[in-house]
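A.B. asks: Next comes coords_28.pdb, PDB, C-alpha atoms and all ligand atoms:
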ATOM      1  CA  MET I   1     -38.535 -94.530-134.063
ATOM      2  CA  LYS I   2     -38.287 -98.164-133.074
ATOM      3  CA  SER I   3     -41.067-100.556-133.981
ATOM      4  CA  PHE I   4     -43.139-102.593-131.569
ATOM      5  CA  ILE I   5     -42.135-106.250-131.517
ATOM      6  CA  VAL I   6     -44.978-107.274-129.193
ATOM      7  CA  GLU I   7     -48.463-105.746-129.267
ATOM      8  CA  VAL I   8     -50.977-107.352-126.960
ATOM      9  CA  GLY I   9     -54.511-105.956-126.919
ATOM     10  CA  ASN I  10     -57.339-106.684-124.501
ATOM     11  CA  LEU I  11     -56.360-110.299-123.900
ATOM     12  CA  HIS I  12     -58.811-112.431-121.892
ATOM     13  CA  LYS I  13     -58.322-116.002-120.726
ATOM     14  CA  SER I  14     -60.381-118.068-118.284
ATOM     15  CA  PHE I  15     -59.955-121.592-116.997
ATOM     16  CA  GLY I  16     -63.500-122.695-116.213
ATOM     17  CA  LYS I  17     -64.925-120.013-113.975
ATOM     18  CA  GLN I  18     -61.521-118.614-113.069
ATOM     19  CA  GLN I  19     -60.801-115.456-115.035
ATOM     20  CA  VAL I  20     -57.026-115.312-115.181
ATOM     21  CA  LEU I  21     -56.408-112.644-117.824
ATOM     22  CA  GLN I  22     -58.996-109.890-117.859
ATOM     23  CA  GLY I  23     -57.968-107.450-120.533
ATOM     24  CA  VAL I  24     -54.197-107.426-120.744
ATOM     25  CA  ASN I  25     -52.612-104.686-122.815
ATOM     26  CA  LEU I  26     -48.870-104.753-123.336
ATOM     27  CA  MET I  27     -46.651-103.069-125.899
ATOM     28  CA  VAL I  28     -42.951-103.875-126.127
ATOM     29  CA  GLU I  29     -40.578-101.903-128.334
ATOM     30  CA  GLN I  30     -37.626-103.456-130.130
ATOM     31  CA  GLY I  31     -34.569-103.839-127.905
ATOM     32  CA  LYS I  32     -36.477-103.460-124.655
ATOM     33  CA  VAL I  33     -35.960-105.831-121.745
ATOM     34  CA  ILE I  34     -39.136-106.151-119.726
ATOM     35  CA  GLY I  35     -39.424-107.933-116.411
ATOM     36  CA  LEU I  36     -42.895-109.361-115.872
ATOM     37  CA  LEU I  37     -43.821-109.421-112.205
ATOM     38  CA  GLY I  38     -46.792-110.727-110.284
ATOM     39  CA  ARG I  39     -47.773-112.948-107.376
ATOM     40  CA  ASN I  40     -47.907-116.744-107.684
ATOM     41  CA  GLY I  41     -50.922-117.581-109.808
ATOM     42  CA  ALA I  42     -51.279-114.044-111.177
ATOM     43  CA  GLY I  43     -51.223-115.451-114.701
ATOM     44  CA  LYS I  44     -47.690-114.704-115.912
ATOM     45  CA  SER I  45     -47.146-118.094-117.560
ATOM     46  CA  THR I  46     -50.633-117.997-119.054
ATOM     47  CA  LEU I  47     -49.940-114.540-120.478
ATOM     48  CA  LEU I  48     -46.588-115.547-121.974
ATOM     49  CA  GLU I  49     -48.174-118.641-123.551
ATOM     50  CA  CYS I  50     -51.023-116.573-125.008
ATOM     51  CA  ILE I  51     -48.573-113.982-126.344
ATOM     52  CA  LEU I  52     -46.694-116.743-128.177
ATOM     53  CA  GLY I  53     -49.865-118.421-129.419
ATOM     54  CA  LEU I  54     -49.075-121.600-127.496
ATOM     55  CA  ARG I  55     -52.326-121.182-125.613
ATOM     56  CA  GLU I  56     -55.443-119.829-127.265
ATOM     57  CA  ALA I  57     -56.850-116.699-125.647
ATOM     58  CA  ASP I  58     -60.629-116.345-125.272
ATOM     59  CA  THR I  59     -60.626-112.868-126.799
ATOM     60  CA  GLY I  60     -58.077-110.204-127.633
ATOM     61  CA  ASN I  61     -55.023-110.377-129.803
ATOM     62  CA  SER I  62     -51.295-110.835-129.808
ATOM     63  CA  VAL I  63     -49.293-109.365-132.658
ATOM     64  CA  LEU I  64     -45.591-110.237-132.950
ATOM     65  CA  PHE I  65     -43.308-108.585-135.494
ATOM     66  CA  GLY I  66     -46.398-106.880-136.910
ATOM     67  CA  ARG I  67     -48.216-110.145-137.598
ATOM     68  CA  PRO I  68     -51.070-111.805-135.675
ATOM     69  CA  VAL I  69     -49.565-114.679-133.743
ATOM     70  CA  ASN I  70     -51.951-117.247-135.214
ATOM     71  CA  ALA I  71     -51.026-116.260-138.760
ATOM     72  CA  MET I  72     -47.274-116.204-138.435
ATOM     73  CA  SER I  73     -45.055-117.880-141.011
ATOM     74  CA  GLU I  74     -42.403-120.379-139.958
ATOM     75  CA  GLN I  75     -39.822-117.815-140.991
ATOM     76  CA  VAL I  76     -41.154-115.226-138.552
ATOM     77  CA  ARG I  77     -41.586-117.857-135.868
ATOM     78  CA  ALA I  78     -37.897-118.714-136.202
ATOM     79  CA  ASN I  79     -37.150-115.251-134.756
ATOM     80  CA  ILE I  80     -38.529-116.278-131.386
ATOM     81  CA  GLY I  81     -36.767-118.033-128.518
ATOM     82  CA  TYR I  82     -38.765-119.391-125.596
ATOM     83  CA  VAL I  83     -37.760-120.884-122.265
ATOM     84  CA  PRO I  84     -40.842-122.379-120.596
ATOM     85  CA  GLN I  85     -41.147-122.493-116.830
ATOM     86  CA  LYS I  86     -40.942-126.234-116.868
ATOM     87  CA  SER I  87     -38.567-127.372-119.553
ATOM     88  CA  GLU I  88     -40.098-129.726-122.040
ATOM     89  CA  LEU I  89     -36.936-131.182-123.406
ATOM     90  CA  PHE I  90     -36.898-134.576-125.067
ATOM     91  CA  GLU I  91     -35.867-136.514-122.016
ATOM     92  CA  TRP I  92     -34.626-139.589-123.857
ATOM     93  CA  LEU I  93     -32.011-137.674-125.865
ATOM     94  CA  THR I  94     -28.626-136.428-124.691
ATOM     95  CA  PRO I  95     -27.917-132.648-124.665
ATOM     96  CA  LYS I  96     -25.769-133.033-127.798
ATOM     97  CA  GLN I  97     -28.483-134.962-129.635
ATOM     98  CA  LEU I  98     -31.129-132.456-128.602
ATOM     99  CA  LEU I  99     -29.141-129.494-129.907
ATOM    100  CA  ASP I 100     -28.365-131.329-133.157
ATOM    101  CA  TYR I 101     -32.077-131.990-133.573
ATOM    102  CA  PHE I 102     -32.973-128.315-133.177
ATOM    103  CA  LYS I 103     -30.052-127.248-135.331
ATOM    104  CA  ALA I 104     -31.684-129.018-138.242
ATOM    105  CA  LEU I 105     -34.908-127.049-137.703
ATOM    106  CA  TYR I 106     -33.500-123.539-137.673
ATOM    107  CA  PRO I 107     -31.981-121.852-140.700
ATOM    108  CA  ARG I 108     -30.061-119.403-138.483
ATOM    109  CA  TRP I 109     -28.224-121.539-135.948
ATOM    110  CA  ASN I 110     -25.171-120.149-134.208
ATOM    111  CA  GLN I 111     -23.017-123.238-133.627
ATOM    112  CA  ALA I 112     -20.068-121.205-132.309
ATOM    113  CA  LYS I 113     -22.331-119.711-129.666
ATOM    114  CA  VAL I 114     -23.699-123.152-128.767
ATOM    115  CA  ASP I 115     -20.197-124.622-128.474
ATOM    116  CA  GLY I 116     -19.069-121.731-126.274
ATOM    117  CA  LEU I 117     -22.099-121.945-123.998
ATOM    118  CA  MET I 118     -21.813-125.733-123.724
ATOM    119  CA  GLN I 119     -18.197-125.363-122.594
ATOM    120  CA  ARG I 120     -18.865-122.547-120.154
ATOM    121  CA  TRP I 121     -22.145-123.856-118.778
ATOM    122  CA  GLY I 122     -21.004-127.272-117.667
ATOM    123  CA  PHE I 123     -21.641-129.393-120.770
ATOM    124  CA  GLY I 124     -18.006-129.678-121.764
ATOM    125  CA  GLY I 125     -17.470-133.158-120.342
ATOM    126  CA  GLU I 126     -19.550-136.287-120.087
ATOM    127  CA  VAL I 127     -22.758-134.404-119.159
ATOM    128  CA  ALA I 128     -23.195-133.612-122.858
ATOM    129  CA  ASP I 129     -23.679-137.330-123.513
ATOM    130  CA  LYS I 130     -25.877-138.125-120.525
ATOM    131  CA  GLN I 131     -29.567-138.766-121.016
ATOM    132  CA  ILE I 132     -31.503-135.555-120.312
ATOM    133  CA  SER I 133     -33.839-137.392-117.928
ATOM    134  CA  LYS I 134     -30.826-137.927-115.675
ATOM    135  CA  LEU I 135     -29.728-134.279-115.536
ATOM    136  CA  SER I 136     -30.342-132.098-112.482
ATOM    137  CA  GLY I 137     -33.050-129.424-112.556
ATOM    138  CA  GLY I 138     -30.480-126.660-112.991
ATOM    139  CA  GLU I 139     -28.666-128.531-115.782
ATOM    140  CA  LYS I 140     -31.937-128.987-117.638
ATOM    141  CA  GLN I 141     -32.694-125.303-117.259
ATOM    142  CA  ARG I 142     -29.268-124.336-118.610
ATOM    143  CA  LEU I 143     -29.809-126.620-121.593
ATOM    144  CA  SER I 144     -33.217-125.110-122.218
ATOM    145  CA  ILE I 145     -31.638-121.640-122.206
ATOM    146  CA  ILE I 146     -28.846-122.703-124.593
ATOM    147  CA  ARG I 147     -31.476-124.103-126.942
ATOM    148  CA  ALA I 148     -33.475-120.859-126.798
ATOM    149  CA  LEU I 149     -30.433-118.642-127.466
ATOM    150  CA  ALA I 150     -28.871-120.835-130.155
ATOM    151  CA  HIS I 151     -30.658-119.432-133.188
ATOM    152  CA  ASP I 152     -30.007-115.784-132.242
ATOM    153  CA  PRO I 153     -33.692-114.975-131.746
ATOM    154  CA  LYS I 154     -34.907-111.399-132.103
ATOM    155  CA  LEU I 155     -37.535-111.937-129.424
ATOM    156  CA  LEU I 156     -36.789-113.934-126.289
ATOM    157  CA  VAL I 157     -39.592-114.965-123.959
ATOM    158  CA  LEU I 158     -38.378-116.444-120.706
ATOM    159  CA  ASP I 159     -40.647-117.835-118.018
ATOM    160  CA  GLU I 160     -38.714-117.853-114.761
ATOM    161  CA  PRO I 161     -35.518-118.842-116.562
ATOM    162  CA  VAL I 162     -33.240-118.726-113.541
ATOM    163  CA  ALA I 163     -35.447-120.346-110.896
ATOM    164  CA  SER I 164     -33.294-123.498-110.596
ATOM    165  CA  LEU I 165     -29.923-121.930-111.275
ATOM    166  CA  ASP I 166     -27.261-121.397-108.630
ATOM    167  CA  PRO I 167     -25.878-117.836-108.180
ATOM    168  CA  VAL I 168     -22.999-118.442-110.607
ATOM    169  CA  GLY I 169     -25.377-119.875-113.197
ATOM    170  CA  ARG I 170     -27.694-116.901-112.769
ATOM    171  CA  ARG I 171     -24.852-114.430-113.212
ATOM    172  CA  ASP I 172     -23.564-116.234-116.326
ATOM    173  CA  PHE I 173     -27.029-116.282-117.802
ATOM    174  CA  LEU I 174     -27.660-112.593-117.122
ATOM    175  CA  GLN I 175     -24.319-111.665-118.688
ATOM    176  CA  GLU I 176     -25.181-113.668-121.781
ATOM    177  CA  LEU I 177     -28.585-112.036-121.961
ATOM    178  CA  ILE I 178     -27.224-108.523-121.598
ATOM    179  CA  GLY I 179     -24.592-109.270-124.267
ATOM    180  CA  ASP I 180     -27.295-110.466-126.640
ATOM    181  CA  VAL I 181     -29.446-107.418-126.075
ATOM    182  CA  ILE I 182     -26.571-105.012-126.612
ATOM    183  CA  GLU I 183     -25.104-106.810-129.637
ATOM    184  CA  ARG I 184     -28.281-107.727-131.446
ATOM    185  CA  ASP I 185     -30.958-105.382-130.099
ATOM    186  CA  THR I 186     -32.851-108.450-128.890
ATOM    187  CA  THR I 187     -36.242-107.832-127.307
ATOM    188  CA  VAL I 188     -36.755-109.741-124.069
ATOM    189  CA  ILE I 189     -39.758-110.441-121.860
ATOM    190  CA  PHE I 190     -39.004-112.437-118.791
ATOM    191  CA  SER I 191     -40.873-113.347-115.660
ATOM    192  CA  THR I 192     -39.038-113.829-112.409
ATOM    193  CA  HIS I 193     -39.470-113.640-108.671
ATOM    194  CA  ILE I 194     -35.810-112.811-108.145
ATOM    195  CA  LEU I 195     -35.976-109.055-107.918
ATOM    196  CA  SER I 196     -32.233-108.515-107.533
ATOM    197  CA  ASP I 197     -31.686-110.153-110.954
ATOM    198  CA  LEU I 198     -34.355-108.036-112.455
ATOM    199  CA  GLU I 199     -32.720-104.881-111.194
ATOM    200  CA  ARG I 200     -29.517-105.971-112.921
ATOM    201  CA  VAL I 201     -30.991-106.491-116.371
ATOM    202  CA  ALA I 202     -34.509-105.202-116.790
ATOM    203  CA  LEU I 203     -34.812-101.580-117.690
ATOM    204  CA  ASP I 204     -38.579-101.849-117.726
ATOM    205  CA  VAL I 205     -41.021-103.751-115.557
ATOM    206  CA  ALA I 206     -44.673-104.669-115.945
ATOM    207  CA  PHE I 207     -46.851-105.775-113.046
ATOM    208  CA  LEU I 208     -49.633-108.282-113.649
ATOM    209  CA  GLN I 209     -52.332-108.064-111.016
ATOM    210  CA  GLY I 210     -56.030-108.867-111.090
ATOM    211  CA  GLY I 211     -55.740-110.098-114.675
ATOM    212  CA  LYS I 212     -54.361-106.811-116.000
ATOM    213  CA  ILE I 213     -51.064-105.005-116.397
ATOM    214  CA  VAL I 214     -51.577-102.466-113.647
ATOM    215  CA  LEU I 215     -48.222-100.703-113.895
ATOM    216  CA  GLN I 216     -45.572-100.625-116.607
ATOM    217  CA  GLY I 217     -42.588 -98.383-117.024
ATOM    218  CA  ALA I 218     -38.888 -97.788-116.684
ATOM    219  CA  LEU I 219     -37.696 -99.267-113.413
ATOM    220  CA  ASP I 220     -35.665 -96.232-112.352
ATOM    221  CA  GLU I 221     -38.547 -93.866-113.091
ATOM    222  CA  LEU I 222     -41.009 -96.029-111.146
ATOM    223  CA  LEU I 223     -38.720 -96.111-108.122
ATOM    224  CA  GLU I 224     -37.529 -92.519-108.330
ATOM    225  CA  GLY I 225     -39.315 -90.116-106.042
ATOM    226  CA  ARG I 226     -41.144 -92.954-104.301
ATOM    227  CA  ASN I 227     -38.332 -93.742-101.915
ATOM    228  CA  LEU I 228     -39.163 -97.440-102.303
ATOM    229  CA  SER I 229     -37.189-100.552-103.078
ATOM    230  CA  LEU I 230     -38.412-102.771-105.899
ATOM    231  CA  GLU I 231     -39.599-105.226-103.250
ATOM    232  CA  ASP I 232     -41.642-102.478-101.550
ATOM    233  CA  LEU I 233     -43.106-101.504-104.906
ATOM    234  CA  PHE I 234     -43.957-105.149-105.657
ATOM    235  CA  VAL I 235     -45.780-105.478-102.338
ATOM    236  CA  GLU I 236     -47.625-102.200-102.855
ATOM    237  CA  VAL I 237     -48.684-102.880-106.460
ATOM    238  CA  THR I 238     -49.719-106.509-105.961
ATOM    239  CA  LYS I 239     -51.691-105.999-102.739
TER     240      LYS I 239
HETATM  241  N1  LIG K 301     -54.307-125.544-117.710
HETATM  242  C1  LIG K 301     -54.904-124.951-116.659
HETATM  243  N2  LIG K 301     -56.098-125.366-116.221
HETATM  244  C2  LIG K 301     -56.711-124.763-115.183
HETATM  245  N3  LIG K 301     -56.185-123.737-114.500
HETATM  246  C3  LIG K 301     -54.985-123.270-114.881
HETATM  247  C4  LIG K 301     -54.292-123.857-115.984
HETATM  248  N4  LIG K 301     -53.111-123.188-116.151
HETATM  249  C5  LIG K 301     -53.091-122.241-115.187
HETATM  250  N5  LIG K 301     -54.217-122.290-114.448
HETATM  251  C6  LIG K 301     -54.516-121.389-113.328
HETATM  252  O1  LIG K 301     -54.385-120.062-113.750
HETATM  253  C7  LIG K 301     -53.778-119.251-112.749
HETATM  254  C8  LIG K 301     -52.557-118.580-113.315
HETATM  255  O2  LIG K 301     -51.535-119.553-113.496
HETATM  256  P1  LIG K 301     -50.104-119.165-114.080
HETATM  257  O3  LIG K 301     -49.291-120.402-114.110
HETATM  258  O4  LIG K 301     -50.284-118.419-115.345
HETATM  259  O5  LIG K 301     -49.575-118.161-112.937
HETATM  260  P2  LIG K 301     -48.118-117.538-112.704
HETATM  261  O6  LIG K 301     -48.299-116.083-112.482
HETATM  262  O7  LIG K 301     -47.199-117.931-113.805
HETATM  263  O8  LIG K 301     -47.705-118.237-111.337
HETATM  264  P3  LIG K 301     -46.268-118.602-110.685
HETATM  265  O9  LIG K 301     -45.619-117.299-110.297
HETATM  266  O10 LIG K 301     -46.641-119.401-109.491
HETATM  267  O11 LIG K 301     -45.473-119.378-111.686
HETATM  268  C9  LIG K 301     -53.504-120.166-111.552
HETATM  269  O12 LIG K 301     -54.517-119.980-110.603
HETATM  270  C10 LIG K 301     -53.568-121.556-112.165
HETATM  271  O13 LIG K 301     -54.045-122.487-111.234
END
Represent the structure contained in this file as structure tokens.

C.D. replies:
Amino acid sequence: MKSFIVEVGNLHKSFGKQQVLQGVNLMVEQGKVIGLLGRNGAGKSTLLECILGLREADTGNSVLFGRPVNAMSEQVRANIGYVPQKSELFEWLTPKQLLDYFKALYPRWNQAKVDGLMQRWGFGGEVADKQISKLSGGEKQRLSIIRALAHDPKLLVLDEPVASLDPVGRRDFLQELIGDVIERDTTVIFSTHILSDLERVALDVAFLQGGKIVLQGALDELLEGRNLSLEDLFVEVTK
């Protein structure tokens, strides 16, 4: 039996009077790819941040790799890759400098993979030496993804990773992701509003609505017998 990489129990988070997460439970097995869906403002980013311990929950717990997120060693933390919704790259560096900086931080850094992605994802020429602040939104997002994949993480958490990518960029990214999952049994949680992408990669989906995961399961099983498209299901579940 495979182990659970992510175990989230009864997570609550409010901002002032606004209760955003109201008892989220979410279990993710090793090697699963889960698409996290929900309306704008449903709390997807908040949930992903709480799962990773980047934002403190009010109550409840997040356990990653069998360890509470707030008591994780650096070694365990190095198994995680994260692409935030808004990339927080060091804007004054160049892409090359940024990747060299992170390379020094991670014991398991796959330089061959980085070199390949840089070539294929548009950083082969002078863009690699341009200041990050001057890159386009899509270029920054690609760089953020390269950074997150570079250390071969066992858990990848992606918050709308493809929102600024063009169709070719989205396809390249999804191929890379699928390759990673197949080769390395990577566990992936990613939020997106692009349902067609989700249908291409996510085998499982989880719907966040009213501060809770209201539906989670294998995409084909959820759609089977309902005679619905994923878009129909989204509308129905998030009403
Ligand atoms: N730091 C904060 N302070 C106050 N309110 C916040 C803060 N961060 C998020 N919120 C609120 O919490 C709610 C959930 O926000 P969140 O960004 O998690 O939603 P989301 O599901 O990721 O949305 P989207 O699909 O639009 O990206 C929103 O109503 C937002 O205004």

A.B. asks: Given the file above and the PyMOL selection byres (((chain I and resi 8) around 12) and not hetatm), which residues are selected, and can you give them as an MDAnalysis selection string?

C.D. replies: chainID I and resid 4:7 9:12 21 23:29 47:48 50:53 57 59:69 212:213

A.B. asks: What is the distance, in Å and to one decimal place, between CA of Leu198 (chain I) and atom O4 of ligand LIG 301 (chain K)?

C.D. replies: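 Atom O4 of ligand LIG 301 (chain K) lies 19.2 Å from CA of Leu198 (chain I).
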
A.B. asks: Collect all residues with atoms no farther than 10 Å from ligand LIG 301 (chain K), counting only C-alpha atoms and all ligand atoms, and output them as a count of residues only.

C.D. replies: 35

A.B. asks: Please provide the set of residues having any atom within 12 Å of Leu93 (chain I), restricted to only C-alpha atoms, with same-chain residues fewer than 6 positions apart removed, written as a count of residues only.

C.D. replies: 14

A.B. asks: Go through I:Ala206, I:Val235, I:Val76, I:Val83 one by one, measure the shortest atom-to-atom distance of each to Ala163 (chain I) using all atoms listed in the file, and give the residue with the smallest value.

C.D. replies: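 Among the listed residues, I:Val83 lies closest to Ala163 (chain I).
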
A.B. asks: Mind telling me what the PyMOL selection byres (((chain I and resi 117) around 10) and not hetatm) catches here, as a ChimeraX atom specification?

C.D. replies: /I:111-116,118-124,142-143,145-146,149-150,172-173,176

A.B. asks: At what distance in Å, to one decimal, does CA of Leu174 (chain I) lie from CA of Tyr106 (chain I)?

C.D. replies: 24.0 Å

A.B. asks: Can you turn the PyMOL selection byres (((chain I and resi 151) around 6) and not hetatm) into a concrete residue list for this file, as a PyMOL selection string?

C.D. replies: chain I and resi 108-110+149-150+152-153

A.B. asks: Could you write out that same residue set with C-alpha atoms as a tab-separated table (two decimals), in the frame of the given file?

C.D. replies:
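Final file, out-v3.tsv:
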chain	number	residue	atom	x	y	z
I	108	ARG	CA	-30.06	-119.40	-138.48
I	109	TRP	CA	-28.22	-121.54	-135.95
I	110	ASN	CA	-25.17	-120.15	-134.21
I	149	LEU	CA	-30.43	-118.64	-127.47
I	150	ALA	CA	-28.87	-120.84	-130.16
I	152	ASP	CA	-30.01	-115.78	-132.24
I	153	PRO	CA	-33.69	-114.98	-131.75

A.B. asks: Excluding Ser196 (chain I) and residues on its chain fewer than 4 positions from it, collect all residues at most 12 Å away from it, counting all atoms listed in the file, and give them as a list in words.

C.D. replies: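 Answer for this query is Gly35, Val162, Pro167, Arg170, Arg171, Leu174, Thr192, Arg200, Val201, Ala202, Ser229, Leu230 and Glu231 of chain I.
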
A.B. asks: Give me, please, the distance in Å between CA of Glu91 (chain I) and CA of Leu177 (chain I), quoted to one decimal.

C.D. replies: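 One can read the CA of Glu91 (chain I) to CA of Leu177 (chain I) distance as 25.5 Å.
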